[in-house]
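Enquirer: Got a structure here, written out as C-alpha coordinates. Questions coming.
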Amino acid sequence: MLANYGYKDGSGEYFITIDTDKCDSCGKCAEVCPPKILALVADPFDPLSEKEVPLVIEAERKKIKYTCGPCKPVDKSKTEPCIEACEPCAITHSW
Amino acid sequence: MATTDSEYWRWKEYNWKDPEMDWNDAEFITAGVDVGSVSSQAVIILDGKLYAYSNMRTGSSSPDSAKNAMNWALEDTGLEIEKIQYVVGTGYGRVNVPFADRAITEIACHGRGANYMYGPSVRTVLDMGGQDCKAIRTDERGKVTAFLMNDKCAAGTGRGMEVFADLLGIHIEKVGEESFKVEKEPPPVSSTCVVFAKSEATGLLREGWPKNKVLAAYCSAMAHRVVTLLERLGVEKEFAITGGIAKNIGVVKRIEKELGITALDVKLDTQIAGALGGALFAKALWEKQQKAG
(Lines give C-alpha, C1' and ligand atoms only; values in the text may rest on other atoms or scores of the structure.)
Protein backbone atom coordinates (compact mmCIF):
# COMPACT_ATOMS: atom_id res chain seq x y z
CA MET A 1 0.00 0.00 0.00
CA LEU A 2 1.19 3.47 -0.84
CA ALA A 3 0.27 5.50 2.22
CA ASN A 4 0.49 9.25 1.61
CA TYR A 5 0.62 11.60 4.56
CA GLY A 6 0.68 15.34 4.27
CA TYR A 7 -0.96 18.13 2.36
CA LYS A 8 -0.91 20.53 -0.51
CA ASP A 9 -1.16 24.23 0.10
CA GLY A 10 -0.40 27.47 -1.71
CA SER A 11 3.34 26.94 -1.27
CA GLY A 12 3.59 23.42 -2.64
CA GLU A 13 2.97 19.72 -2.08
CA TYR A 14 4.28 18.09 1.06
CA PHE A 15 3.71 14.35 1.20
CA ILE A 16 5.63 11.54 2.84
CA THR A 17 4.86 8.29 1.05
CA ILE A 18 5.37 4.96 2.75
CA ASP A 19 5.24 1.81 0.63
CA THR A 20 4.01 -0.71 3.20
CA ASP A 21 4.55 -3.63 0.81
CA LYS A 22 8.27 -2.85 0.63
CA CYS A 23 8.52 -2.08 4.36
CA ASP A 24 10.11 -4.84 6.46
CA SER A 25 8.86 -3.43 9.80
CA CYS A 26 12.38 -2.84 11.15
CA GLY A 27 11.40 0.48 12.72
CA LYS A 28 14.71 2.20 11.99
CA CYS A 29 12.98 5.17 10.35
CA ALA A 30 11.06 5.92 13.54
CA GLU A 31 14.23 5.57 15.61
CA VAL A 32 16.31 7.96 13.53
CA CYS A 33 13.61 10.61 12.98
CA PRO A 34 14.86 13.59 15.04
CA PRO A 35 11.42 15.20 15.69
CA LYS A 36 9.88 11.72 16.24
CA ILE A 37 7.00 12.16 13.83
CA LEU A 38 7.10 8.53 12.65
CA ALA A 39 5.64 5.69 14.70
CA LEU A 40 5.65 1.95 14.07
CA VAL A 41 2.13 0.55 14.60
CA ALA A 42 -0.19 -2.18 13.29
CA ASP A 43 -1.32 -0.86 9.89
CA PRO A 44 -4.51 1.13 10.56
CA PHE A 45 -5.41 1.03 6.85
CA ASP A 46 -5.31 -2.75 6.67
CA PRO A 47 -7.20 -3.95 9.76
CA LEU A 48 -7.05 -7.63 8.82
CA SER A 49 -3.26 -7.69 8.75
CA GLU A 50 -1.05 -7.63 11.83
CA LYS A 51 2.01 -6.24 10.08
CA GLU A 52 3.55 -3.24 11.79
CA VAL A 53 4.36 -0.32 9.54
CA PRO A 54 5.48 3.26 10.17
CA LEU A 55 3.08 6.16 9.81
CA VAL A 56 3.27 9.90 10.25
CA ILE A 57 1.51 10.59 13.54
CA GLU A 58 -1.79 12.39 13.10
CA ALA A 59 -0.93 15.62 14.89
CA GLU A 60 2.08 16.11 12.59
CA ARG A 61 0.40 15.54 9.23
CA LYS A 62 -0.60 19.18 8.88
CA LYS A 63 2.87 20.62 9.40
CA ILE A 64 5.48 18.31 7.88
CA LYS A 65 6.84 21.12 5.71
CA TYR A 66 8.12 22.73 8.90
CA THR A 67 8.80 19.67 11.06
CA CYS A 68 10.81 17.97 8.32
CA GLY A 69 12.50 21.22 7.32
CA PRO A 70 15.65 20.82 9.45
CA CYS A 71 16.28 17.36 7.94
CA LYS A 72 16.13 18.61 4.36
CA PRO A 73 19.70 18.45 3.04
CA VAL A 74 21.19 21.55 1.47
CA ASP A 75 23.81 19.33 -0.11
CA LYS A 76 22.23 17.08 -2.77
CA SER A 77 24.64 14.22 -2.05
CA LYS A 78 22.92 13.62 1.30
CA THR A 79 19.41 12.33 2.00
CA GLU A 80 16.91 12.68 4.83
CA PRO A 81 17.59 10.38 7.84
CA CYS A 82 14.34 8.37 7.47
CA ILE A 83 14.99 7.71 3.78
CA GLU A 84 18.65 6.92 4.48
CA ALA A 85 17.75 4.45 7.26
CA CYS A 86 15.23 2.53 5.16
CA GLU A 87 17.01 -0.42 3.59
CA PRO A 88 14.11 -1.57 1.38
CA CYS A 89 13.69 2.06 0.15
CA ALA A 90 10.05 2.26 1.22
CA ILE A 91 10.00 5.96 2.14
CA THR A 92 9.86 8.91 -0.22
CA HIS A 93 9.25 12.62 0.23
CA SER A 94 7.46 14.61 -2.45
CA TRP A 95 9.56 17.73 -1.90
CA MET B 1 -37.17 16.15 11.23
CA ALA B 2 -39.19 18.66 9.26
CA THR B 3 -37.51 20.80 6.68
CA THR B 4 -38.35 24.43 6.96
CA ASP B 5 -37.98 26.87 4.11
CA SER B 6 -35.00 28.52 5.73
CA GLU B 7 -32.96 25.35 6.11
CA TYR B 8 -31.67 24.79 2.61
CA TRP B 9 -28.68 22.80 3.80
CA ARG B 10 -30.81 20.20 5.57
CA TRP B 11 -30.70 16.87 3.78
CA LYS B 12 -33.10 14.06 4.54
CA GLU B 13 -32.38 11.89 7.56
CA TYR B 14 -33.88 8.42 7.37
CA ASN B 15 -33.63 4.77 8.27
CA TRP B 16 -34.15 1.66 6.17
CA LYS B 17 -34.40 -2.09 6.62
CA ASP B 18 -34.77 -5.01 4.24
CA PRO B 19 -38.25 -6.43 4.91
CA GLU B 20 -37.31 -9.75 3.28
CA MET B 21 -34.61 -10.52 5.82
CA ASP B 22 -34.91 -11.85 9.37
CA TRP B 23 -32.08 -11.57 11.87
CA ASN B 24 -33.29 -14.73 13.64
CA ASP B 25 -32.02 -16.75 10.68
CA ALA B 26 -28.57 -15.18 10.68
CA GLU B 27 -25.40 -16.75 11.99
CA PHE B 28 -23.42 -13.50 11.98
CA ILE B 29 -24.89 -10.19 13.08
CA THR B 30 -22.37 -7.38 12.83
CA ALA B 31 -22.50 -3.59 12.52
CA GLY B 32 -20.51 -0.54 11.56
CA VAL B 33 -21.03 2.97 12.87
CA ASP B 34 -19.55 5.89 10.97
CA VAL B 35 -19.53 9.06 13.04
CA GLY B 36 -18.49 11.66 10.49
CA SER B 37 -17.95 15.35 10.88
CA VAL B 38 -21.33 16.18 9.37
CA SER B 39 -23.33 12.95 9.17
CA SER B 40 -23.48 9.66 11.09
CA GLN B 41 -24.55 6.27 9.83
CA ALA B 42 -25.12 2.89 11.43
CA VAL B 43 -25.25 -0.21 9.23
CA ILE B 44 -26.27 -3.70 10.36
CA ILE B 45 -25.43 -6.69 8.19
CA LEU B 46 -26.58 -10.31 8.48
CA ASP B 47 -24.03 -12.90 7.30
CA GLY B 48 -22.33 -10.17 5.27
CA LYS B 49 -25.55 -8.90 3.60
CA LEU B 50 -27.00 -5.44 4.12
CA TYR B 51 -29.97 -5.61 6.50
CA ALA B 52 -30.67 -2.21 8.04
CA TYR B 53 -29.17 1.26 8.29
CA SER B 54 -29.75 4.80 9.40
CA ASN B 55 -28.33 8.07 8.15
CA MET B 56 -28.53 11.22 10.25
CA ARG B 57 -26.75 14.40 11.16
CA THR B 58 -23.89 14.29 13.66
CA GLY B 59 -24.57 16.21 16.85
CA SER B 60 -22.07 17.89 19.13
CA SER B 61 -21.41 14.67 21.03
CA SER B 62 -19.87 11.73 19.15
CA PRO B 63 -21.04 9.05 21.65
CA ASP B 64 -24.62 10.34 21.46
CA SER B 65 -24.53 10.54 17.66
CA ALA B 66 -23.28 6.95 17.53
CA LYS B 67 -26.00 5.77 19.91
CA ASN B 68 -28.74 7.66 18.09
CA ALA B 69 -27.69 6.32 14.70
CA MET B 70 -27.52 2.77 16.04
CA ASN B 71 -30.88 2.97 17.81
CA TRP B 72 -32.49 4.33 14.69
CA ALA B 73 -31.05 1.53 12.55
CA LEU B 74 -32.36 -1.00 15.09
CA GLU B 75 -35.84 0.57 15.13
CA ASP B 76 -38.63 -1.84 14.12
CA THR B 77 -36.20 -4.72 13.62
CA GLY B 78 -36.84 -6.28 17.05
CA LEU B 79 -33.08 -6.66 17.25
CA GLU B 80 -31.20 -5.44 20.33
CA ILE B 81 -27.71 -4.04 20.40
CA GLU B 82 -26.56 -6.83 22.76
CA LYS B 83 -27.27 -9.37 20.02
CA ILE B 84 -24.84 -7.73 17.63
CA GLN B 85 -21.68 -9.79 17.83
CA TYR B 86 -19.14 -7.22 16.75
CA VAL B 87 -19.33 -3.47 16.13
CA VAL B 88 -16.73 -1.40 14.31
CA GLY B 89 -16.56 2.36 14.77
CA THR B 90 -15.22 4.55 11.97
CA GLY B 91 -15.07 8.19 10.88
CA TYR B 92 -13.88 11.28 12.74
CA GLY B 93 -15.58 10.20 15.96
CA ARG B 94 -14.53 6.54 15.72
CA VAL B 95 -12.74 6.45 19.06
CA ASN B 96 -15.85 7.81 20.76
CA VAL B 97 -18.26 5.03 19.84
CA PRO B 98 -18.99 3.58 23.30
CA PHE B 99 -20.28 0.19 22.14
CA ALA B 100 -17.66 -0.45 19.44
CA ASP B 101 -15.35 -3.44 19.71
CA ARG B 102 -12.78 -1.78 17.51
CA ALA B 103 -12.12 1.49 15.68
CA ILE B 104 -10.97 1.37 12.06
CA THR B 105 -9.90 4.27 9.85
CA GLU B 106 -12.50 5.53 7.39
CA ILE B 107 -10.12 5.05 4.48
CA ALA B 108 -10.01 1.28 5.08
CA CYS B 109 -13.80 1.19 5.62
CA HIS B 110 -14.66 3.21 2.51
CA GLY B 111 -12.48 0.95 0.37
CA ARG B 112 -14.20 -2.14 1.75
CA GLY B 113 -17.69 -0.60 1.60
CA ALA B 114 -17.26 0.57 -1.99
CA ASN B 115 -16.17 -2.94 -2.96
CA TYR B 116 -19.52 -4.27 -1.66
CA MET B 117 -21.65 -1.46 -3.09
CA TYR B 118 -20.09 -1.17 -6.53
CA GLY B 119 -18.64 -4.66 -6.95
CA PRO B 120 -15.09 -6.03 -7.03
CA SER B 121 -14.16 -4.21 -10.25
CA VAL B 122 -13.78 -0.90 -8.38
CA ARG B 123 -10.16 0.26 -8.35
CA THR B 124 -10.45 3.94 -7.49
CA VAL B 125 -12.74 5.33 -4.82
CA LEU B 126 -13.22 9.00 -4.11
CA ASP B 127 -14.83 9.60 -0.75
CA MET B 128 -16.28 13.08 -0.65
CA GLY B 129 -17.13 13.56 2.98
CA GLY B 130 -18.45 16.34 5.10
CA GLN B 131 -15.09 17.89 5.88
CA ASP B 132 -12.50 16.09 3.82
CA CYS B 133 -11.95 14.22 0.59
CA LYS B 134 -10.01 11.03 0.26
CA ALA B 135 -8.71 9.38 -2.89
CA ILE B 136 -8.38 5.63 -2.40
CA ARG B 137 -7.14 2.81 -4.65
CA THR B 138 -8.31 -0.71 -3.88
CA ASP B 139 -7.80 -4.26 -5.10
CA GLU B 140 -10.54 -6.74 -6.02
CA ARG B 141 -11.12 -7.60 -2.36
CA GLY B 142 -11.59 -3.99 -1.32
CA LYS B 143 -8.19 -3.82 0.36
CA VAL B 144 -6.56 -0.39 0.15
CA THR B 145 -3.54 -0.31 -2.16
CA ALA B 146 -2.91 3.45 -2.00
CA PHE B 147 -4.53 6.48 -0.48
CA LEU B 148 -4.17 10.23 -0.48
CA MET B 149 -5.96 13.00 1.29
CA ASN B 150 -5.23 16.60 2.04
CA ASP B 151 -4.80 16.81 5.79
CA LYS B 152 -4.67 20.56 5.85
CA CYS B 153 -7.57 21.68 3.75
CA ALA B 154 -11.27 20.87 3.78
CA ALA B 155 -12.14 22.81 0.64
CA GLY B 156 -14.54 21.23 -1.78
CA THR B 157 -16.44 19.09 0.70
CA GLY B 158 -20.03 18.52 1.75
CA ARG B 159 -20.05 21.22 4.37
CA GLY B 160 -18.97 23.74 1.73
CA MET B 161 -21.88 22.73 -0.45
CA GLU B 162 -24.26 23.17 2.50
CA VAL B 163 -22.93 26.69 3.02
CA PHE B 164 -23.60 27.46 -0.66
CA ALA B 165 -27.09 25.99 -0.56
CA ASP B 166 -27.84 28.27 2.34
CA LEU B 167 -26.26 31.34 0.75
CA LEU B 168 -28.13 30.91 -2.53
CA GLY B 169 -31.38 29.67 -1.04
CA ILE B 170 -31.42 26.50 -3.14
CA HIS B 171 -32.15 23.23 -1.37
CA ILE B 172 -29.07 20.98 -0.97
CA GLU B 173 -30.75 18.08 -2.77
CA LYS B 174 -31.41 20.30 -5.81
CA VAL B 175 -28.12 22.18 -6.15
CA GLY B 176 -26.71 19.61 -8.59
CA GLU B 177 -29.51 19.97 -11.14
CA GLU B 178 -29.75 23.72 -10.65
CA SER B 179 -26.05 24.15 -11.43
CA PHE B 180 -26.70 22.96 -15.01
CA LYS B 181 -29.33 25.59 -15.69
CA VAL B 182 -26.81 27.97 -17.20
CA GLU B 183 -26.41 29.10 -20.79
CA LYS B 184 -22.68 28.70 -20.75
CA GLU B 185 -20.41 27.07 -18.17
CA PRO B 186 -18.82 29.91 -16.17
CA PRO B 187 -15.18 29.82 -15.07
CA PRO B 188 -14.75 28.17 -11.66
CA VAL B 189 -14.57 30.39 -8.59
CA SER B 190 -10.88 30.99 -7.92
CA SER B 191 -10.86 29.90 -4.31
CA THR B 192 -12.10 26.53 -3.14
CA CYS B 193 -11.72 27.47 0.53
CA VAL B 194 -15.31 27.57 1.80
CA VAL B 195 -14.99 30.93 3.51
CA PHE B 196 -13.20 32.67 0.62
CA ALA B 197 -15.41 31.01 -1.99
CA LYS B 198 -18.44 32.30 -0.14
CA SER B 199 -17.05 35.85 -0.15
CA GLU B 200 -16.29 35.49 -3.85
CA ALA B 201 -19.82 34.21 -4.52
CA THR B 202 -21.34 37.11 -2.61
CA GLY B 203 -19.32 39.44 -4.86
CA LEU B 204 -20.50 37.65 -8.00
CA LEU B 205 -24.13 37.90 -6.88
CA ARG B 206 -23.64 41.61 -6.34
CA GLU B 207 -22.26 41.89 -9.88
CA GLY B 208 -25.53 40.44 -11.06
CA TRP B 209 -24.67 36.78 -11.68
CA PRO B 210 -27.75 34.55 -11.46
CA LYS B 211 -27.74 32.00 -8.61
CA ASN B 212 -27.40 29.02 -10.95
CA LYS B 213 -24.31 30.48 -12.55
CA VAL B 214 -22.67 31.02 -9.16
CA LEU B 215 -23.52 27.46 -8.25
CA ALA B 216 -22.05 26.17 -11.52
CA ALA B 217 -18.84 28.09 -10.81
CA TYR B 218 -18.62 26.58 -7.33
CA CYS B 219 -19.39 23.02 -8.47
CA SER B 220 -16.68 23.17 -11.10
CA ALA B 221 -14.15 24.60 -8.62
CA MET B 222 -14.95 21.72 -6.29
CA ALA B 223 -14.66 19.18 -9.11
CA HIS B 224 -11.34 20.60 -10.23
CA ARG B 225 -9.92 20.45 -6.75
CA VAL B 226 -10.69 16.77 -6.21
CA VAL B 227 -9.50 15.90 -9.70
CA THR B 228 -6.03 17.23 -8.81
CA LEU B 229 -6.10 14.99 -5.74
CA LEU B 230 -7.15 11.98 -7.83
CA GLU B 231 -4.58 12.65 -10.51
CA ARG B 232 -1.79 12.76 -7.98
CA LEU B 233 -2.78 9.27 -6.84
CA GLY B 234 -3.54 7.98 -10.34
CA VAL B 235 -7.00 6.96 -11.49
CA GLU B 236 -7.69 3.44 -12.66
CA LYS B 237 -11.07 2.10 -13.81
CA GLU B 238 -13.60 1.32 -12.41
CA PHE B 239 -14.12 4.60 -10.62
CA ALA B 240 -16.68 5.22 -7.87
CA ILE B 241 -17.60 8.12 -5.62
CA THR B 242 -18.84 7.64 -2.06
CA GLY B 243 -20.06 10.10 0.55
CA GLY B 244 -22.69 12.80 0.38
CA ILE B 245 -21.34 14.70 -2.63
CA ALA B 246 -21.77 11.54 -4.75
CA LYS B 247 -25.47 12.47 -4.75
CA ASN B 248 -24.74 15.87 -6.26
CA ILE B 249 -24.75 15.47 -10.05
CA GLY B 250 -23.48 19.03 -10.45
CA VAL B 251 -20.14 17.97 -8.97
CA VAL B 252 -20.14 14.33 -10.17
CA LYS B 253 -20.71 15.17 -13.85
CA ARG B 254 -18.02 17.83 -13.75
CA ILE B 255 -15.52 15.41 -12.17
CA GLU B 256 -16.37 12.83 -14.87
CA LYS B 257 -15.90 15.41 -17.59
CA GLU B 258 -12.53 16.52 -16.29
CA LEU B 259 -11.26 12.97 -15.74
CA GLY B 260 -12.75 11.64 -18.96
CA ILE B 261 -14.26 8.60 -17.20
CA THR B 262 -17.69 7.82 -15.85
CA ALA B 263 -18.31 7.04 -12.20
CA LEU B 264 -20.18 3.83 -11.42
CA ASP B 265 -23.83 4.18 -10.59
CA VAL B 266 -25.36 2.63 -7.48
CA LYS B 267 -28.81 2.19 -5.98
CA LEU B 268 -27.57 2.17 -2.39
CA ASP B 269 -27.07 5.36 -0.40
CA THR B 270 -23.49 6.52 -1.07
CA GLN B 271 -23.28 7.96 2.45
CA ILE B 272 -23.35 4.52 4.08
CA ALA B 273 -20.14 3.24 2.43
CA GLY B 274 -17.98 3.84 5.52
CA ALA B 275 -20.35 2.22 8.03
CA LEU B 276 -20.99 -0.65 5.62
CA GLY B 277 -17.26 -1.26 5.27
CA GLY B 278 -17.02 -1.17 9.06
CA ALA B 279 -19.75 -3.80 9.37
CA LEU B 280 -17.96 -6.03 6.84
CA PHE B 281 -14.69 -5.72 8.76
CA ALA B 282 -16.66 -6.47 11.93
CA LYS B 283 -17.77 -9.78 10.43
CA ALA B 284 -14.23 -10.69 9.35
CA LEU B 285 -12.81 -9.75 12.76
CA TRP B 286 -15.52 -11.63 14.64
CA GLU B 287 -14.87 -14.77 12.61
CA LYS B 288 -11.14 -14.41 13.20
CA GLN B 289 -11.74 -14.00 16.92
CA GLN B 290 -13.98 -17.09 17.03
CA LYS B 291 -11.39 -19.17 15.20
CA ALA B 292 -8.67 -18.04 17.59
CA GLY B 293 -10.95 -19.18 20.41
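Just so we're on the same page: first chain in the C-alpha coordinates is A, next is B, and so on; residues restart at 1 for each chain, and ligands are numbered from 1 in the order they show up.
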Select residues of chain B: the criterion is any atom within 12 Å of an atom of chain A, counting only C-alpha atoms; output as a ChimeraX atom specification.
Expert: /B:88,90,102-112,132-139,141-155,191-193,225-226,228-229,232-234,277-278,280-289
Enquirer: Can you tell me, as a list in words, what residues are no more than 12 Å from Pro19 in chain B when counting only C-alpha atoms, ignoring any on the same chain fewer than 5 positions away?
Expert: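 In the requested format, the answer is Leu50, Tyr51, Ala52, Asp76 and Thr77 of chain B.
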Enquirer: From a DSSP calculation on the backbone, collect every residue of chain A in strand (DSSP E) and output the set as a VMD selection string.
Expert: chain A and resid 2 to 9 12 to 19 38 to 42 52 to 56 91 to 93
Enquirer: Just how far from CA of Glu50 in chain A is CA of Pro34 in chain A, in Å to one decimal?
Expert: 26.7 Å
Enquirer: Counting only C-alpha atoms, which of B:Lys12, B:His224, B:Lys253, B:Lys17 gets nearest to Ile241 in chain B?
Expert: B:Lys253
